Every structure is written in structure tokens, then in C-alpha cells.
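Asks: To be precise about what I am sending: the file is called my_file_25.txt and holds compact mmCIF, C-alpha atoms and all ligand atoms.
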```
# COMPACT_ATOMS: atom_id res chain seq x y z
CA MET A 276 0.00 0.00 0.00
CA LEU A 277 2.79 2.33 0.94
CA SER A 278 4.58 1.91 -2.37
CA ARG A 279 1.32 2.47 -4.27
CA THR A 280 0.71 5.76 -2.44
CA VAL A 281 4.25 6.87 -3.04
CA GLY A 282 3.92 5.96 -6.69
CA LEU A 283 0.76 8.02 -7.13
CA THR A 284 2.29 10.97 -5.35
CA LEU A 285 5.27 10.86 -7.66
CA VAL A 286 3.03 10.75 -10.73
CA ASN A 287 1.06 13.73 -9.49
CA LEU A 288 4.21 15.63 -8.72
CA HIS A 289 5.46 14.87 -12.19
CA SER A 290 2.27 16.32 -13.70
CA LYS A 291 2.44 19.44 -11.62
CA LEU A 292 6.05 20.00 -12.52
CA TYR A 293 5.91 19.43 -16.23
CA THR A 294 2.46 20.35 -17.47
CA SER A 295 0.43 23.51 -17.53
CA PRO A 296 -3.18 23.75 -16.30
CA MET A 297 -4.21 24.17 -19.95
CA ILE A 298 -2.60 20.86 -20.91
CA GLU A 299 -4.25 19.17 -17.94
CA LYS A 300 -7.64 20.56 -19.01
CA ILE A 301 -7.16 19.32 -22.60
CA ALA A 302 -6.16 15.86 -21.33
CA ASP A 303 -9.26 15.82 -19.17
CA ILE A 304 -11.50 16.62 -22.14
CA ALA A 305 -9.73 14.00 -24.30
CA HIS A 306 -10.15 11.42 -21.56
CA ASN A 307 -13.89 12.04 -21.38
CA CYS A 308 -14.81 12.36 -25.06
CA LYS A 309 -15.89 9.77 -27.60
CA HIS A 310 -14.55 11.08 -30.89
CA ILE A 311 -11.29 12.91 -31.47
CA VAL A 312 -10.20 14.38 -34.79
CA VAL A 313 -6.66 15.58 -35.43
CA LEU A 314 -5.71 17.74 -38.41
CA THR A 315 -1.99 18.03 -39.20
CA GLY A 316 -0.02 20.23 -41.55
CA ALA A 317 3.57 20.95 -42.56
CA GLY A 318 4.60 21.98 -39.02
CA ILE A 319 4.63 18.42 -37.67
CA SER A 320 6.72 17.23 -40.63
CA ALA A 321 9.11 20.15 -40.16
CA GLU A 322 9.80 18.83 -36.65
CA SER A 323 11.09 15.65 -38.34
CA GLY A 324 13.22 17.70 -40.72
CA VAL A 325 11.15 17.19 -43.89
CA PRO A 326 12.56 19.72 -46.35
CA THR A 327 10.24 22.31 -47.89
CA PHE A 328 11.50 21.66 -51.44
CA ARG A 329 11.62 25.33 -52.15
CA GLY A 330 15.13 25.18 -53.50
CA LYS A 331 17.70 27.89 -53.05
CA GLU A 332 20.59 26.12 -54.69
CA GLY A 333 21.54 23.12 -56.77
CA LEU A 334 19.74 21.54 -59.68
CA TRP A 335 16.25 22.42 -58.47
CA GLY A 336 17.02 25.91 -57.22
CA LYS A 337 15.77 27.53 -60.38
CA PHE A 338 12.35 25.88 -60.19
CA ARG A 339 9.44 26.69 -57.95
CA PRO A 340 7.13 23.83 -56.83
CA GLU A 341 4.29 25.68 -58.57
CA GLU A 342 6.13 25.14 -61.87
CA LEU A 343 6.67 21.39 -61.39
CA ALA A 344 3.72 20.15 -59.34
CA THR A 345 1.11 20.79 -62.00
CA MET A 346 -0.66 18.77 -64.67
CA ASP A 347 0.61 21.21 -67.33
CA ALA A 348 4.22 20.56 -66.31
CA PHE A 349 3.64 16.79 -66.34
CA MET A 350 1.94 16.81 -69.75
CA SER A 351 4.63 18.94 -71.35
CA ASN A 352 7.64 17.43 -69.60
CA PRO A 353 6.90 14.31 -67.53
CA GLU A 354 10.58 13.37 -67.35
CA ILE A 355 11.60 16.48 -65.42
CA VAL A 356 8.58 16.19 -63.09
CA TRP A 357 9.51 12.59 -62.30
CA GLU A 358 13.15 13.52 -61.75
CA TRP A 359 11.98 16.10 -59.22
CA TYR A 360 9.67 13.64 -57.46
CA ASN A 361 12.38 10.98 -57.34
CA TRP A 362 14.68 13.53 -55.69
CA ARG A 363 11.96 14.47 -53.19
CA ARG A 364 11.22 10.81 -52.42
CA GLU A 365 14.90 10.16 -51.85
CA LEU A 366 15.19 13.06 -49.37
CA MET A 367 11.93 12.19 -47.58
CA TRP A 368 12.92 8.55 -47.30
CA LYS A 369 15.64 9.53 -44.82
CA VAL A 370 13.18 11.26 -42.48
CA GLN A 371 11.60 9.54 -39.49
CA PRO A 372 8.39 10.21 -37.52
CA ASN A 373 8.93 12.32 -34.40
CA LEU A 374 7.42 12.30 -30.90
CA GLY A 375 4.42 14.26 -32.19
CA HIS A 376 3.58 11.54 -34.75
CA ASP A 377 4.03 8.87 -32.07
CA ALA A 378 1.80 10.77 -29.63
CA ILE A 379 -0.96 10.95 -32.26
CA THR A 380 -0.79 7.15 -32.64
CA ASN A 381 -1.02 6.82 -28.86
CA LEU A 382 -3.99 9.19 -28.84
CA GLU A 383 -5.71 7.00 -31.46
CA ASN A 384 -5.10 3.91 -29.34
CA LEU A 385 -6.58 5.66 -26.29
CA SER A 386 -9.70 6.90 -28.15
CA ASP A 387 -13.07 5.26 -28.80
CA LYS A 388 -13.23 6.86 -32.21
CA PHE A 389 -10.37 8.69 -33.87
CA THR A 390 -9.69 10.28 -37.24
CA LEU A 391 -6.44 11.76 -38.43
CA ILE A 392 -6.70 14.20 -41.32
CA THR A 393 -3.38 15.26 -42.78
CA GLN A 394 -2.29 17.73 -45.41
CA ASN A 395 1.14 16.11 -45.53
CA VAL A 396 2.14 13.76 -48.34
CA ASP A 397 5.23 12.30 -46.65
CA GLY A 398 3.57 9.19 -45.20
CA LEU A 399 5.10 9.79 -41.73
CA HIS A 400 1.80 9.17 -39.93
CA LYS A 401 1.55 5.73 -41.56
CA LEU A 402 5.13 5.05 -40.63
CA ALA A 403 4.26 5.98 -37.02
CA ASP A 404 1.46 3.37 -37.24
CA THR A 405 -1.59 5.64 -37.04
CA LYS A 406 -4.43 3.63 -38.60
CA ASN A 407 -7.42 5.82 -39.50
CA ILE A 408 -5.82 8.40 -41.79
CA LEU A 409 -7.38 10.67 -44.39
CA GLU A 410 -4.64 12.01 -46.64
CA LEU A 411 -6.12 15.18 -48.12
CA HIS A 412 -3.26 15.84 -50.52
CA GLY A 413 -2.33 12.25 -51.38
CA ASN A 414 0.87 10.35 -50.67
CA ILE A 415 4.16 10.98 -52.41
CA TYR A 416 5.10 7.30 -52.36
CA ARG A 417 1.95 6.17 -54.14
CA ASN A 418 1.38 6.41 -57.89
CA LYS A 419 -1.67 6.66 -60.10
CA CYS A 420 -2.62 6.76 -63.75
CA VAL A 421 -2.75 10.26 -65.20
CA SER A 422 -5.75 9.33 -67.37
CA CYS A 423 -8.02 6.94 -65.47
CA ASN A 424 -6.82 7.66 -61.89
CA THR A 425 -6.24 3.98 -61.11
CA ILE A 426 -4.14 3.82 -57.95
CA ILE A 427 -0.90 1.90 -58.07
CA GLU A 428 -0.11 1.18 -54.43
CA GLU A 429 3.34 -0.31 -54.86
CA THR A 430 6.15 2.09 -54.36
CA VAL A 431 8.14 1.61 -57.51
CA GLU A 432 11.10 3.58 -58.61
CA ILE A 433 10.15 5.33 -61.78
CA GLN A 434 12.83 5.80 -64.41
CA PRO A 435 12.12 9.27 -65.84
CA ASP A 436 13.31 8.23 -69.28
CA ALA A 437 11.01 5.17 -69.27
CA ILE A 438 7.84 6.12 -67.36
CA PRO A 439 5.60 3.05 -67.05
CA SER A 440 2.09 3.06 -68.47
CA CYS A 441 -1.21 2.13 -66.85
CA GLN A 442 -2.14 -1.49 -67.55
CA LYS A 443 -5.80 -0.54 -67.95
CA CYS A 444 -5.66 2.41 -70.32
CA GLY A 445 -2.05 3.04 -71.29
CA GLY A 446 -1.93 6.44 -69.54
CA LYS A 447 1.35 7.58 -67.99
CA ILE A 448 1.99 6.92 -64.28
CA ARG A 449 2.20 10.01 -62.06
CA PRO A 450 2.66 10.54 -58.30
CA ASP A 451 -0.62 10.34 -56.35
CA VAL A 452 -0.45 13.82 -54.87
CA VAL A 453 -2.77 16.76 -55.37
CA TRP A 454 -1.07 19.22 -57.70
CA PHE A 455 -1.59 22.95 -57.89
CA GLY A 456 -4.87 23.72 -59.60
CA GLU A 457 -6.32 20.26 -58.87
CA MET A 458 -9.36 19.41 -56.79
CA LEU A 459 -9.04 17.29 -53.66
CA ASP A 460 -10.51 13.79 -53.74
CA GLU A 461 -14.21 14.37 -53.16
CA GLN A 462 -14.80 11.28 -51.02
CA ILE A 463 -11.85 12.05 -48.77
CA ILE A 464 -12.78 15.67 -48.20
CA GLN A 465 -16.42 14.70 -47.58
CA LYS A 466 -15.37 12.13 -44.98
CA ALA A 467 -13.04 14.70 -43.41
CA PHE A 468 -15.94 17.14 -42.98
CA GLU A 469 -18.29 14.44 -41.69
CA ASP A 470 -15.84 13.28 -39.05
CA SER A 471 -14.88 16.84 -38.08
CA GLU A 472 -18.53 17.76 -37.58
CA LYS A 473 -19.12 14.67 -35.42
CA SER A 474 -16.01 15.20 -33.31
CA GLU A 475 -16.14 16.31 -29.70
CA LEU A 476 -12.50 17.34 -29.60
CA PHE A 477 -10.59 18.70 -32.59
CA PHE A 478 -6.84 19.28 -32.65
CA SER A 479 -5.36 21.55 -35.32
CA ILE A 480 -1.63 20.83 -35.30
CA GLY A 481 1.20 22.45 -37.21
CA THR A 482 -0.97 23.96 -39.87
CA SER A 483 -1.04 27.59 -40.89
CA ALA A 484 -4.83 27.28 -41.39
CA VAL A 485 -4.83 29.33 -44.57
CA VAL A 486 -5.19 26.63 -47.24
CA HIS A 487 -8.80 25.70 -47.85
CA PRO A 488 -10.70 23.44 -47.62
CA ALA A 489 -8.43 22.02 -44.85
CA ALA A 490 -8.61 25.32 -42.96
CA SER A 491 -12.43 25.06 -42.90
CA LEU A 492 -12.36 21.76 -40.98
CA PRO A 493 -11.60 23.20 -37.53
CA VAL A 494 -14.24 25.88 -38.13
CA ALA A 495 -16.82 23.22 -39.08
CA ALA A 496 -15.95 21.18 -35.98
CA LYS A 497 -16.20 24.20 -33.70
CA GLU A 498 -19.55 25.26 -35.19
CA ARG A 499 -20.95 21.79 -34.37
CA GLY A 500 -19.82 22.06 -30.77
CA ALA A 501 -16.37 20.47 -30.70
CA VAL A 502 -13.72 21.80 -28.35
CA LEU A 503 -11.03 23.26 -30.60
CA VAL A 504 -7.38 22.93 -29.59
CA GLU A 505 -4.66 24.51 -31.69
CA ILE A 506 -0.98 23.63 -31.35
CA ASN A 507 1.28 25.64 -33.62
CA MET A 508 4.48 27.65 -33.47
CA GLU A 509 2.55 30.85 -34.04
CA ALA A 510 -1.02 32.13 -34.08
CA THR A 511 -3.11 31.55 -37.21
CA PRO A 512 -6.45 32.76 -38.61
CA ILE A 513 -8.27 30.11 -36.51
CA THR A 514 -6.57 31.06 -33.22
CA PRO A 515 -9.33 33.56 -32.29
CA ILE A 516 -11.96 30.78 -32.34
CA ALA A 517 -9.78 28.12 -30.63
CA ASP A 518 -10.78 27.15 -27.10
CA TYR A 519 -7.14 26.45 -26.33
CA PHE A 520 -4.09 27.67 -28.22
CA ILE A 521 -0.65 26.38 -27.30
CA ALA A 522 2.36 27.92 -29.04
CA GLY A 523 4.99 25.27 -29.46
CA LYS A 524 6.08 21.99 -31.00
CA SER A 525 3.68 19.09 -31.23
CA GLY A 526 6.55 16.75 -30.32
CA GLU A 527 6.84 18.48 -26.97
CA ILE A 528 3.18 19.17 -26.16
CA LEU A 529 1.28 16.10 -27.41
CA PRO A 530 3.31 13.56 -25.41
CA GLN A 531 2.39 15.47 -22.22
CA ILE A 532 -1.32 15.26 -23.09
CA VAL A 533 -1.03 11.54 -23.88
CA ALA A 534 0.85 10.87 -20.61
CA LEU A 535 -1.90 12.60 -18.63
CA ILE A 536 -4.67 10.62 -20.37
CA LYS A 537 -2.81 7.38 -19.63
CA GLU A 538 -2.52 8.47 -16.02
CA LYS A 539 -6.28 9.09 -15.85
CA ARG A 540 -7.03 5.72 -17.48
CA SER A 541 -4.93 3.83 -14.99
CA ILE A 542 -6.69 5.36 -11.98
ZN ZN B 1 -5.22 4.31 -66.66
```
Rewrite the structure from the file as C-alpha cells, please.
Replies:
Amino acid sequence: MLSRTVGLTLVNLHSKLYTSPMIEKIADIAHNCKHIVVLTGAGISAESGVPTFRGKEGLWGKFRPEELATMDAFMSNPEIVWEWYNWRRELMWKVQPNLGHDAITNLENLSDKFTLITQNVDGLHKLADTKNILELHGNIYRNKCVSCNTIIEETVEIQPDAIPSCQKCGGKIRPDVVWFGEMLDEQIIQKAFEDSEKSELFFSIGTSAVVHPAASLPVAAKERGAVLVEINMEATPITPIADYFIAGKSGEILPQIVALIKEKRSI
């Protein structure tokens, strides 16, 4: 009995020392709610060191992503677009999920119902073993047919001078990411809105909240009564409507929330 009491005291002390009342409040809400939705953006990938691909030097320095990540660029020069994507894949391949990604997986495992919506194409959430993921902008490691949109799941290395063709229609294979000027997958965005509107707790993490429709998701959740938590390095257009805003890194803040929920579950 004595050791149990001592143990609990130590845990409580730990919480008091390392978490803020705001983080404790958020953990309390997460512990008591049925459906959590998390939206992530470039900020969480930046914590892993995913490059922005806005080149300053080298071969790709003279291009802007807006000039390469478009259907026009692919139709007029698929070789150079594939060379660029192969270079991006190679750089991203070296990057690992961080504590923020891991904490999101833990949060999913602790939740009755959980949806992760991400704007990132780097696949780091999958690598961190989060299961219920909606990838709004696609996945850089997946390919699809430029003509009939058939998905080719296998990650294959594409030789830019011999781009494979779709077995169904003969169209060229392209990366399965949303390019500038393209619409998001209708089913995915619809599901993202449905889940956001049903959520009781919505986390907006590492996103500048300026790119729509992703930026509308926290607003939709809040309008339907969800508690809105924003974790980002700086304030964004949705900060004024957030119930809780924490300036900082997801890799530092989310693990504290997860630890507190685990503590509550074990009581
Ligand atoms: Zn096809």
C-alpha cells in the first residue's frame, strides 16, 4: 500500500512540474470524449526535418514547386517532373516520424473513435502506425494513372526516361499527390468534414490554417460544438476561435497530453 501511495504521489508531482493547467484541461476533455479528430499540416513534418523543397541552390534551385507540381508541367515534360519527385522521395525517405507523430498514434489507441486528417504527403503518420488516416493531398510514395486515376499502391522507382504506363488504359503513371490547380478527392474531403462535424475534440496541429478546404475543418468542428485545440508555433487565422491555443512543438506538447490521459485511465 505504501509503495502504491508513493507511486501516485510521484506521478502527481510529475504532472504538476511538467504540465500547464491548460494541458491538464485538454487531457481531461480528451479522456472524457468519444470522438477525437486531429488535423496536421507541414509543421509536424518540419519537426522531423522534412525539407520544404523550395530550392535555393543546386539543380532544383531555379524551379518553384508551382512550376513542377502541375498537370501542365507533367503533360509537357513528364521526365523532369519525375526527376523532381524521385529527388523528393529520396530526401523524404531519410526522415523519421517524431514524438508528435508517435503521440498521435497513442492518442488513437486511447480513443473510442479517432480520425487523423493530414495535409502532408510524406507518409510519416503511416510510418508511425496511425491507422485511421485521411490524406487530403495524397501520398508521395503512391502512384496513379494520369488518365483513369487507377491507384498503383506499390512504391516503384520510376525511371524518368522510361515512365511506365497504366495497364488498364495506357496512360502515364504520375505521383498520387494533389497538384496545384487540382481538386481534392471528393470522397476524402467529404469524410473529413463528416468526421470533423461529429467530433467532440478537434486538434489543429502544425498547420497555418490558410489553405482551404483544410482550414475550414476546424471551423466546421467548432460550429458543431467540438472543443477546438490549436498547437502551432505561431497564431493563425483560426486562433481567435480556438478554445485552447498552445504555441509550441507538437513533439513536446502532445506527449504530455497523452501521458496525462494514460494516467487518468490507470486510476
Ligand atoms: Zn489508366
Asks: Could you tell me how far atom CA of Ala403 of chain A sits from atom CA of His376 of chain A, in Å to one decimal place?
Replies: 6.0 Å
Asks: Give me, as an NGL selection string, all polymer residues having an atom no more than 9 Å from Ile433 of chain A, counting all atoms listed in the file and skipping those fewer than 2 positions away in the same chain.
Replies: :A and (357-358 or 361 or 431 or 435-439 or 448)
Asks: Let me have all residues with an atom within 12 Å of ligand ZN 1 (chain B), counting all atoms listed in the file, laid out as a PDB file with C-alpha atoms, in the frame of the given file.
Replies:
```pdb
ATOM      1  CA  ASN A 418       1.380   6.410 -57.890  1.00  0.00           C
ATOM      2  CA  LYS A 419      -1.670   6.660 -60.100  1.00  0.00           C
ATOM      3  CA  CYS A 420      -2.620   6.760 -63.750  1.00  0.00           C
ATOM      4  CA  VAL A 421      -2.750  10.260 -65.200  1.00  0.00           C
ATOM      5  CA  SER A 422      -5.750   9.330 -67.370  1.00  0.00           C
ATOM      6  CA  CYS A 423      -8.020   6.940 -65.470  1.00  0.00           C
ATOM      7  CA  ASN A 424      -6.820   7.660 -61.890  1.00  0.00           C
ATOM      8  CA  THR A 425      -6.240   3.980 -61.110  1.00  0.00           C
ATOM      9  CA  ILE A 426      -4.140   3.820 -57.950  1.00  0.00           C
ATOM     10  CA  ILE A 427      -0.900   1.900 -58.070  1.00  0.00           C
ATOM     11  CA  PRO A 439       5.600   3.050 -67.050  1.00  0.00           C
ATOM     12  CA  SER A 440       2.090   3.060 -68.470  1.00  0.00           C
ATOM     13  CA  CYS A 441      -1.210   2.130 -66.850  1.00  0.00           C
ATOM     14  CA  GLN A 442      -2.140  -1.490 -67.550  1.00  0.00           C
ATOM     15  CA  LYS A 443      -5.800  -0.540 -67.950  1.00  0.00           C
ATOM     16  CA  CYS A 444      -5.660   2.410 -70.320  1.00  0.00           C
ATOM     17  CA  GLY A 445      -2.050   3.040 -71.290  1.00  0.00           C
ATOM     18  CA  GLY A 446      -1.930   6.440 -69.540  1.00  0.00           C
ATOM     19  CA  LYS A 447       1.350   7.580 -67.990  1.00  0.00           C
ATOM     20  CA  ILE A 448       1.990   6.920 -64.280  1.00  0.00           C
ATOM     21  CA  ARG A 449       2.200  10.010 -62.060  1.00  0.00           C
TER      22      ARG A 449
END
```
Asks: Considering all atoms listed in the file, can you say which of A:Arg363, A:Glu341, A:Phe468, A:Gly318 comes closest to Ile506 of chain A?
Replies: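 The closest residue to Ile506 of chain A is A:Gly318.
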Asks: Name all residues at most 7 Å from Pro372 of chain A (count all atoms listed in the file; drop same-chain ones fewer than 5 positions away) and give them as a list in words.
Replies: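 Surrounding residues, per the criterion: Ser323, Leu399, Leu402 and Ala403 of chain A.
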Asks: Could you turn the residues from that selection into a file that holds C-alpha atoms, as a compact mmCIF listing (two decimals), in the coordinates of the input?
Replies:
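Output saved as part.txt:
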```
# COMPACT_ATOMS: atom_id res chain seq x y z
CA SER A 323 11.09 15.65 -38.34
CA LEU A 399 5.10 9.79 -41.73
CA LEU A 402 5.13 5.05 -40.63
CA ALA A 403 4.26 5.98 -37.02
```
Asks: Pick from A:Leu409, A:Ile536, A:Ala501, A:Ile528: nearest to Gly375 of chain A, with only C-alpha atoms counted?
Replies: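 The shortest atom-to-atom distance to Gly375 of chain A comes from A:Ile528.
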Asks: May I have the residues at most 12 Å from (1.0, 13.7, -23.4) in the file's coordinates, counting only C-alpha atoms, as an NGL selection string?
Replies: :A and (290 or 293-295 or 298-303 or 305-306 or 374-382 or 385 or 525-539)
Asks: Restricting the calculation to all atoms listed in the file: of A:Asn407, A:Phe477, A:Trp335, A:Ala489, which residue gets closest to Val504 of chain A?
Replies: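 Checking each candidate against Val504 of chain A, we get A:Phe477 as the closest.
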Asks: For the point (11.7, 10.3, -48.2) in the file's frame, write as a ChimeraX atom specification all residues with an atom no more than 10 Å away, counting only C-alpha atoms.
Replies: /A:325-326,361-371,397-399,415-416
Asks: What is the atom CA of Phe389 of chain A-atom CA of Leu476 of chain A distance in Å, reported with one decimal?
Replies: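 Interatomic distance here is 9.9 Å.
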Asks: What is the atom CA of Lys466 of chain A to atom CA of Asp347 of chain A distance in Å?
Replies: 28.9 Å
Asks: Find, counting all atoms listed in the file, the residue in A:Lys337, A:Gln394, A:Gly500, A:Lys524 that gets nearest to Val485 of chain A.
Replies: A:Gln394
Asks: Just want the 7 Å neighbourhood of Ser479 of chain A, counted on only C-alpha atoms, with same-chain residues fewer than 5 positions away dropped. Output as a PyMOL selection string.
Replies: chain A and resi 313-315+493+504-506
Asks: If you count all atoms listed in the file, which residues fall within 12 Å of Ser474 of chain A, apart from same-chain ones fewer than 4 positions away, as a PyMOL selection string?
Replies: chain A and resi 305+308-314+386-391+467-470+478+492-503
Asks: Can you work out which one of A:Lys406, A:Glu457, A:Tyr360, A:Ile304 has the shortest atom-to-atom distance to Glu432 of chain A, counting all atoms listed in the file?
Replies: A:Tyr360
